$ cat entry.csv   # CSV, C-alpha atoms
chain,number,residue,atom,x,y,z
A,1,MET,CA,26.8,-0.3,13.5
A,2,GLU,CA,24.2,-0.3,10.8
A,3,SER,CA,24.9,0.6,7.2
A,4,SER,CA,23.4,3.7,5.7
A,5,SER,CA,21.1,1.6,3.5
A,6,VAL,CA,19.7,-0.3,6.5
A,7,THR,CA,19.3,3.0,8.4
A,8,THR,CA,17.4,4.5,5.5
A,9,THR,CA,15.2,1.4,5.1
A,10,ARG,CA,14.5,1.4,8.9
A,11,GLU,CA,13.6,5.1,8.8
A,12,VAL,CA,11.2,4.8,5.8
A,13,ALA,CA,9.6,1.6,7.2
A,14,HIS,CA,9.2,3.3,10.6
A,15,GLN,CA,7.6,6.4,9.0
A,16,TRP,CA,5.4,4.1,6.9
A,17,PHE,CA,4.0,2.1,9.7
A,18,THR,CA,3.7,5.1,12.1
A,19,ASN,CA,1.8,7.2,9.5
A,20,LEU,CA,-0.6,4.3,8.9
A,21,GLU,CA,-1.1,3.7,12.6
A,22,GLN,CA,-2.0,7.4,13.0
A,23,GLY,CA,-4.4,7.3,10.0
A,24,LYS,CA,-2.1,9.5,7.9
A,25,PHE,CA,-2.6,7.7,4.6
A,26,GLU,CA,-1.5,10.6,2.3
A,27,GLU,CA,1.7,11.0,4.3
A,28,ALA,CA,2.3,7.3,4.1
A,29,LEU,CA,1.8,7.4,0.3
A,30,SER,CA,4.4,10.1,0.0
A,31,LEU,CA,6.9,7.4,0.8
A,32,VAL,CA,5.8,5.3,-2.1
A,33,HIS,CA,7.6,5.4,-5.5
A,34,GLU,CA,5.6,6.6,-8.5
A,35,ASP,CA,6.2,3.3,-10.2
A,36,VAL,CA,5.6,1.0,-7.2
A,37,LEU,CA,4.6,-2.6,-7.5
A,38,TRP,CA,1.8,-3.1,-5.0
A,39,GLU,CA,0.8,-6.7,-4.5
A,40,ASN,CA,-2.3,-7.5,-2.5
A,41,ILE,CA,-3.4,-11.1,-2.3
A,42,PRO,CA,-5.0,-12.2,-5.6
A,43,PRO,CA,-8.8,-12.7,-5.6
A,44,THR,CA,-9.9,-16.3,-5.6
A,45,PRO,CA,-13.0,-16.9,-7.7
A,46,GLY,CA,-16.0,-17.8,-5.5
A,47,VAL,CA,-14.1,-17.3,-2.3
A,48,SER,CA,-12.4,-13.9,-1.9
A,49,ASP,CA,-13.5,-12.1,-5.0
A,50,LEU,CA,-16.2,-10.4,-3.0
A,51,ALA,CA,-13.4,-7.9,-2.2
A,52,PRO,CA,-13.0,-6.2,-5.6
A,53,TRP,CA,-9.9,-4.3,-4.6
A,54,LEU,CA,-7.7,-7.4,-4.3
A,55,GLY,CA,-4.9,-8.1,-6.8
A,56,SER,CA,-1.7,-6.5,-8.0
A,57,TYR,CA,-1.2,-3.0,-9.2
A,58,ARG,CA,1.6,-1.0,-10.8
A,59,GLY,CA,2.1,2.7,-10.2
A,60,LEU,CA,0.9,5.1,-7.6
A,61,PRO,CA,-2.3,6.2,-9.4
A,62,ASP,CA,-3.5,2.5,-9.5
A,63,VAL,CA,-2.5,2.0,-5.9
A,64,LYS,CA,-4.7,5.0,-4.9
A,65,ASP,CA,-7.6,3.7,-7.1
A,66,SER,CA,-7.4,0.3,-5.4
A,67,PHE,CA,-7.7,2.0,-2.0
A,68,ASP,CA,-10.6,4.2,-3.2
A,69,VAL,CA,-12.4,0.9,-4.1
A,70,TRP,CA,-11.5,-0.5,-0.7
A,71,SER,CA,-12.9,2.6,1.1
A,72,ARG,CA,-16.3,2.1,-0.5
A,73,TYR,CA,-16.5,-1.3,1.2
A,74,SER,CA,-14.5,-1.1,4.4
A,75,GLN,CA,-13.2,1.3,7.0
A,76,MET,CA,-10.1,0.8,9.1
A,77,LEU,CA,-10.9,1.1,12.8
A,78,SER,CA,-7.3,0.5,14.0
A,79,PHE,CA,-3.9,-0.3,12.4
A,80,LYS,CA,-1.3,-1.6,14.9
A,81,PRO,CA,2.2,-2.6,13.9
A,82,LEU,CA,3.3,-5.5,16.1
A,83,GLU,CA,6.8,-6.2,14.9
A,84,VAL,CA,9.1,-4.8,12.3
A,85,ILE,CA,12.5,-6.3,11.1
A,86,VAL,CA,14.8,-4.7,8.6
A,87,GLU,CA,17.6,-6.2,6.5
A,88,GLY,CA,19.4,-4.4,3.7
A,89,ASP,CA,16.8,-2.7,1.5
A,90,ARG,CA,13.9,-4.8,2.8
A,91,ALA,CA,11.6,-4.5,5.7
A,92,LEU,CA,8.9,-6.9,7.0
A,93,GLY,CA,6.2,-5.9,9.5
A,94,ILE,CA,3.4,-7.7,11.1
A,95,VAL,CA,0.3,-5.6,11.5
A,96,HIS,CA,-3.0,-6.2,13.4
A,97,GLU,CA,-5.8,-4.5,11.6
A,98,HIS,CA,-9.3,-4.0,13.0
A,99,ALA,CA,-11.8,-3.0,10.3
A,100,GLN,CA,-15.5,-2.9,9.5
A,101,CYS,CA,-17.6,-3.9,6.6
A,102,LEU,CA,-19.7,-0.9,5.7
A,103,ALA,CA,-22.6,-2.8,4.2
A,104,ASN,CA,-23.5,-4.7,7.4
A,105,GLN,CA,-21.3,-3.0,10.1
A,106,ASN,CA,-19.6,-6.3,10.9
A,107,GLU,CA,-16.2,-5.9,12.3
A,108,TYR,CA,-13.2,-8.1,11.7
A,109,ASP,CA,-9.5,-8.6,12.6
A,110,LEU,CA,-6.7,-9.3,10.3
A,111,TYR,CA,-3.0,-10.1,10.8
A,112,VAL,CA,-1.1,-8.8,7.8
A,113,ALA,CA,2.6,-9.5,7.0
A,114,THR,CA,3.8,-6.5,5.0
A,115,TYR,CA,6.9,-6.8,2.9
A,116,LEU,CA,8.6,-3.5,1.7
A,117,ARG,CA,11.6,-3.0,-0.6
A,118,ILE,CA,13.0,0.5,-0.4
A,119,ALA,CA,15.3,2.2,-2.9
A,120,ASP,CA,16.5,5.8,-2.6
A,121,GLY,CA,14.1,6.5,0.3
A,122,LYS,CA,11.0,5.3,-1.5
A,123,ILE,CA,9.0,2.1,-1.4
A,124,VAL,CA,9.4,0.4,-4.7
A,125,HIS,CA,7.8,-3.0,-3.9
A,126,TRP,CA,5.0,-3.5,-1.4
A,127,LYS,CA,3.5,-6.9,-0.9
A,128,VAL,CA,1.2,-8.3,1.8
A,129,TYR,CA,0.5,-11.8,3.0
A,130,TRP,CA,-2.7,-12.3,5.0
A,131,ASP,CA,-5.6,-14.7,5.6
A,132,PRO,CA,-8.9,-13.1,4.4
A,133,SER,CA,-11.1,-15.6,6.2
A,134,PRO,CA,-12.2,-13.1,8.9
A,135,LEU,CA,-13.1,-10.6,6.1
A,136,ILE,CA,-15.1,-13.2,4.2
A,137,ARG,CA,-17.0,-14.1,7.3
A,138,ALA,CA,-17.8,-10.5,8.1
A,139,TYR,CA,-18.8,-9.7,4.5
A,140,ARG,CA,-21.0,-12.8,4.1
A,141,ASP,CA,-22.4,-12.2,7.6
A,142,LEU,CA,-21.6,-15.8,8.6
B,143,MET,CA,-7.5,-30.0,-7.7
B,144,GLN,CA,-4.0,-28.6,-7.1
B,145,PHE,CA,-3.3,-25.3,-5.3
B,146,GLU,CA,-0.4,-23.0,-4.8
B,147,ILE,CA,0.2,-20.8,-1.8
B,148,GLU,CA,2.9,-18.3,-0.9
B,149,PHE,CA,3.4,-17.5,2.7
B,150,ILE,CA,5.6,-15.7,5.3
B,151,ASP,CA,7.2,-17.7,8.0
B,152,TRP,CA,8.1,-15.5,11.0
B,153,LEU,CA,10.6,-17.4,13.2
B,154,THR,CA,12.0,-16.5,16.6
B,155,VAL,CA,15.2,-18.3,17.2
B,156,HIS,CA,16.9,-18.7,20.6
B,157,ASP,CA,20.2,-20.5,21.0
B,158,GLY,CA,20.0,-22.0,17.6
B,159,THR,CA,16.5,-23.4,18.0
B,160,ILE,CA,13.1,-22.1,16.7
B,161,VAL,CA,11.0,-21.2,19.7
B,162,ASP,CA,8.1,-19.4,17.9
B,163,TRP,CA,6.9,-20.2,14.3
B,164,LYS,CA,4.2,-18.1,12.8
B,165,SER,CA,2.9,-18.4,9.2
B,166,ASP,CA,0.8,-15.8,7.4
B,167,THR,CA,-0.9,-16.9,4.1
B,168,ASP,CA,-3.9,-16.5,2.0
B,169,CYS,CA,-5.8,-19.7,2.5
B,170,THR,CA,-8.5,-19.1,-0.2
B,171,SER,CA,-6.7,-21.2,-2.8
B,172,ILE,CA,-6.7,-24.1,-0.4
B,173,LEU,CA,-10.4,-23.6,0.3
B,174,ALA,CA,-11.2,-23.3,-3.4
B,175,ALA,CA,-9.5,-26.6,-4.4
B,176,PRO,CA,-12.1,-29.0,-2.8
B,177,TRP,CA,-14.9,-26.7,-4.0
B,178,GLY,CA,-13.7,-27.1,-7.6
B,179,LYS,CA,-12.9,-23.5,-8.0
B,180,ALA,CA,-9.9,-22.5,-10.2
B,181,ALA,CA,-7.0,-20.9,-8.5
B,182,PRO,CA,-6.3,-17.3,-9.6

$ encode --input "entry.csv" --output "structure tokens"
Amino acid sequence: MESSSVTTTREVAHQWFTNLEQGKFEEALSLVHEDVLWENIPPTPGVSDLAPWLGSYRGLPDVKDSFDVWSRYSQMLSFKPLEVIVEGDRALGIVHEHAQCLANQNEYDLYVATYLRIADGKIVHWKVYWDPSPLIRAYRDL
Amino acid sequence: MQFEIEFIDWLTVHDGTIVDWKSDTDCTSILAAPWGKAAP
């Protein structure tokens, strides 16, 4: 039988990925702690810094700002969680994202490993691991 | 040039043996190294 902390982690992670799959971004953000640490991949000068929303952010307002920047450059066409595992207060999900560069309409596919740490029903640490090569190719129209 | 990467390894294990091994990482630091770009 699962402990209550694992159950809570699983519930929050399930709601998180389900909301994002259904395009309910505001509902997903309601699961995020006000002082969350959000770590996207860091921008690499001359390679991935064409995506000005990359990097790490602290606090929900800065998280929202980073996604406001993202939404000026890209749009999500589909967000599909493939697998999710939970252990203790941590969850890890693999997501297939299909998105589009707004400047040139090029579409691209990403596979994103999403790490979540959850405390008292809120996501306090959110970190992603992904290869931006398909995004760079789409943005540079290669 | 040196580079550092951090990655997720997703392992599927059957009967004590890894049968599927998938790694997710940001490869841009690797790409930047031979181009002489500084890592972030």

$ interface_residues --input "entry.csv" --of "chain A" --to "chain B" --cutoff "9 Å" --atoms "only C-alpha atoms" --output "PyMOL selection string"
chain A and resi 41-48+111-113+129-133

$ residues_around --input "entry.csv" --residues "Ala51 in chain A" --least-positions-apart "5" --cutoff "10 Å" --atoms "all atoms listed in the file" --output "MDAnalysis selection string"
chainID A and resid 43:44 69:70 73:74 132 135:136 139

$ atom_distance --input "entry.csv" --atom1 "CA of Asn106 in chain A" --atom2 "CA of Arg140 in chain A"
9.5 Å

$ residues_around --input "entry.csv" --residues "Ala119 in chain A" --least-positions-apart "4" --cutoff "7 Å" --atoms "all atoms listed in the file" --output "list in words"
Asp89, Ile123 and Val124 of chain A

$ atom_distance --input "entry.csv" --atom1 "CA of Glu26 in chain A" --atom2 "CA of Phe67 in chain A"
11.4 Å

$ atom_distance --input "entry.csv" --atom1 "CA of Pro61 in chain A" --atom2 "CA of Arg90 in chain A"
23.1 Å

$ residues_around --input "entry.csv" --residues "Ile85 in chain A" --least-positions-apart "3" --cutoff "10 Å" --atoms "all atoms listed in the file" --output "PyMOL selection string"
chain A and resi 10+13+90-94+115

$ build_atoms --input "entry.csv" --residues "range 153-168 of chain B" --atoms "N, CA and C atoms" --output "PDB file, in the frame of the given file"
ATOM      1  N   LEU B 153       9.994 -16.518  12.197  1.00  0.00           N
ATOM      2  CA  LEU B 153      10.600 -17.400  13.200  1.00  0.00           C
ATOM      3  C   LEU B 153      11.358 -16.633  14.237  1.00  0.00           C
ATOM      4  N   THR B 154      11.170 -17.013  15.468  1.00  0.00           N
ATOM      5  CA  THR B 154      12.000 -16.500  16.600  1.00  0.00           C
ATOM      6  C   THR B 154      12.919 -17.604  17.002  1.00  0.00           C
ATOM      7  N   VAL B 155      14.213 -17.282  16.988  1.00  0.00           N
ATOM      8  CA  VAL B 155      15.200 -18.300  17.200  1.00  0.00           C
ATOM      9  C   VAL B 155      16.023 -17.952  18.485  1.00  0.00           C
ATOM     10  N   HIS B 156      16.090 -18.863  19.408  1.00  0.00           N
ATOM     11  CA  HIS B 156      16.900 -18.700  20.600  1.00  0.00           C
ATOM     12  C   HIS B 156      17.907 -19.850  20.675  1.00  0.00           C
ATOM     13  N   ASP B 157      19.173 -19.502  20.842  1.00  0.00           N
ATOM     14  CA  ASP B 157      20.200 -20.500  21.000  1.00  0.00           C
ATOM     15  C   ASP B 157      20.171 -21.576  19.922  1.00  0.00           C
ATOM     16  N   GLY B 158      19.938 -21.127  18.695  1.00  0.00           N
ATOM     17  CA  GLY B 158      20.000 -22.000  17.600  1.00  0.00           C
ATOM     18  C   GLY B 158      18.747 -22.891  17.371  1.00  0.00           C
ATOM     19  N   THR B 159      17.684 -22.615  18.136  1.00  0.00           N
ATOM     20  CA  THR B 159      16.500 -23.400  18.000  1.00  0.00           C
ATOM     21  C   THR B 159      15.258 -22.498  17.827  1.00  0.00           C
ATOM     22  N   ILE B 160      14.355 -22.904  16.940  1.00  0.00           N
ATOM     23  CA  ILE B 160      13.100 -22.100  16.700  1.00  0.00           C
ATOM     24  C   ILE B 160      12.195 -22.290  17.885  1.00  0.00           C
ATOM     25  N   VAL B 161      11.877 -21.154  18.537  1.00  0.00           N
ATOM     26  CA  VAL B 161      11.000 -21.200  19.700  1.00  0.00           C
ATOM     27  C   VAL B 161       9.607 -20.669  19.399  1.00  0.00           C
ATOM     28  N   ASP B 162       9.468 -19.936  18.285  1.00  0.00           N
ATOM     29  CA  ASP B 162       8.100 -19.400  17.900  1.00  0.00           C
ATOM     30  C   ASP B 162       8.099 -19.469  16.351  1.00  0.00           C
ATOM     31  N   TRP B 163       7.034 -20.009  15.790  1.00  0.00           N
ATOM     32  CA  TRP B 163       6.900 -20.200  14.300  1.00  0.00           C
ATOM     33  C   TRP B 163       5.525 -19.788  13.938  1.00  0.00           C
ATOM     34  N   LYS B 164       5.446 -18.661  13.227  1.00  0.00           N
ATOM     35  CA  LYS B 164       4.200 -18.100  12.800  1.00  0.00           C
ATOM     36  C   LYS B 164       4.135 -18.002  11.302  1.00  0.00           C
ATOM     37  N   SER B 165       3.046 -18.442  10.691  1.00  0.00           N
ATOM     38  CA  SER B 165       2.900 -18.400   9.200  1.00  0.00           C
ATOM     39  C   SER B 165       1.714 -17.563   8.857  1.00  0.00           C
ATOM     40  N   ASP B 166       1.911 -16.660   7.891  1.00  0.00           N
ATOM     41  CA  ASP B 166       0.800 -15.800   7.400  1.00  0.00           C
ATOM     42  C   ASP B 166       0.635 -16.182   5.890  1.00  0.00           C
ATOM     43  N   THR B 167      -0.593 -16.558   5.528  1.00  0.00           N
ATOM     44  CA  THR B 167      -0.900 -16.900   4.100  1.00  0.00           C
ATOM     45  C   THR B 167      -2.320 -16.636   3.789  1.00  0.00           C
ATOM     46  N   ASP B 168      -2.580 -16.533   2.507  1.00  0.00           N
ATOM     47  CA  ASP B 168      -3.900 -16.500   2.000  1.00  0.00           C
ATOM     48  C   ASP B 168      -4.421 -17.899   1.775  1.00  0.00           C
TER      49      ASP B 168
END
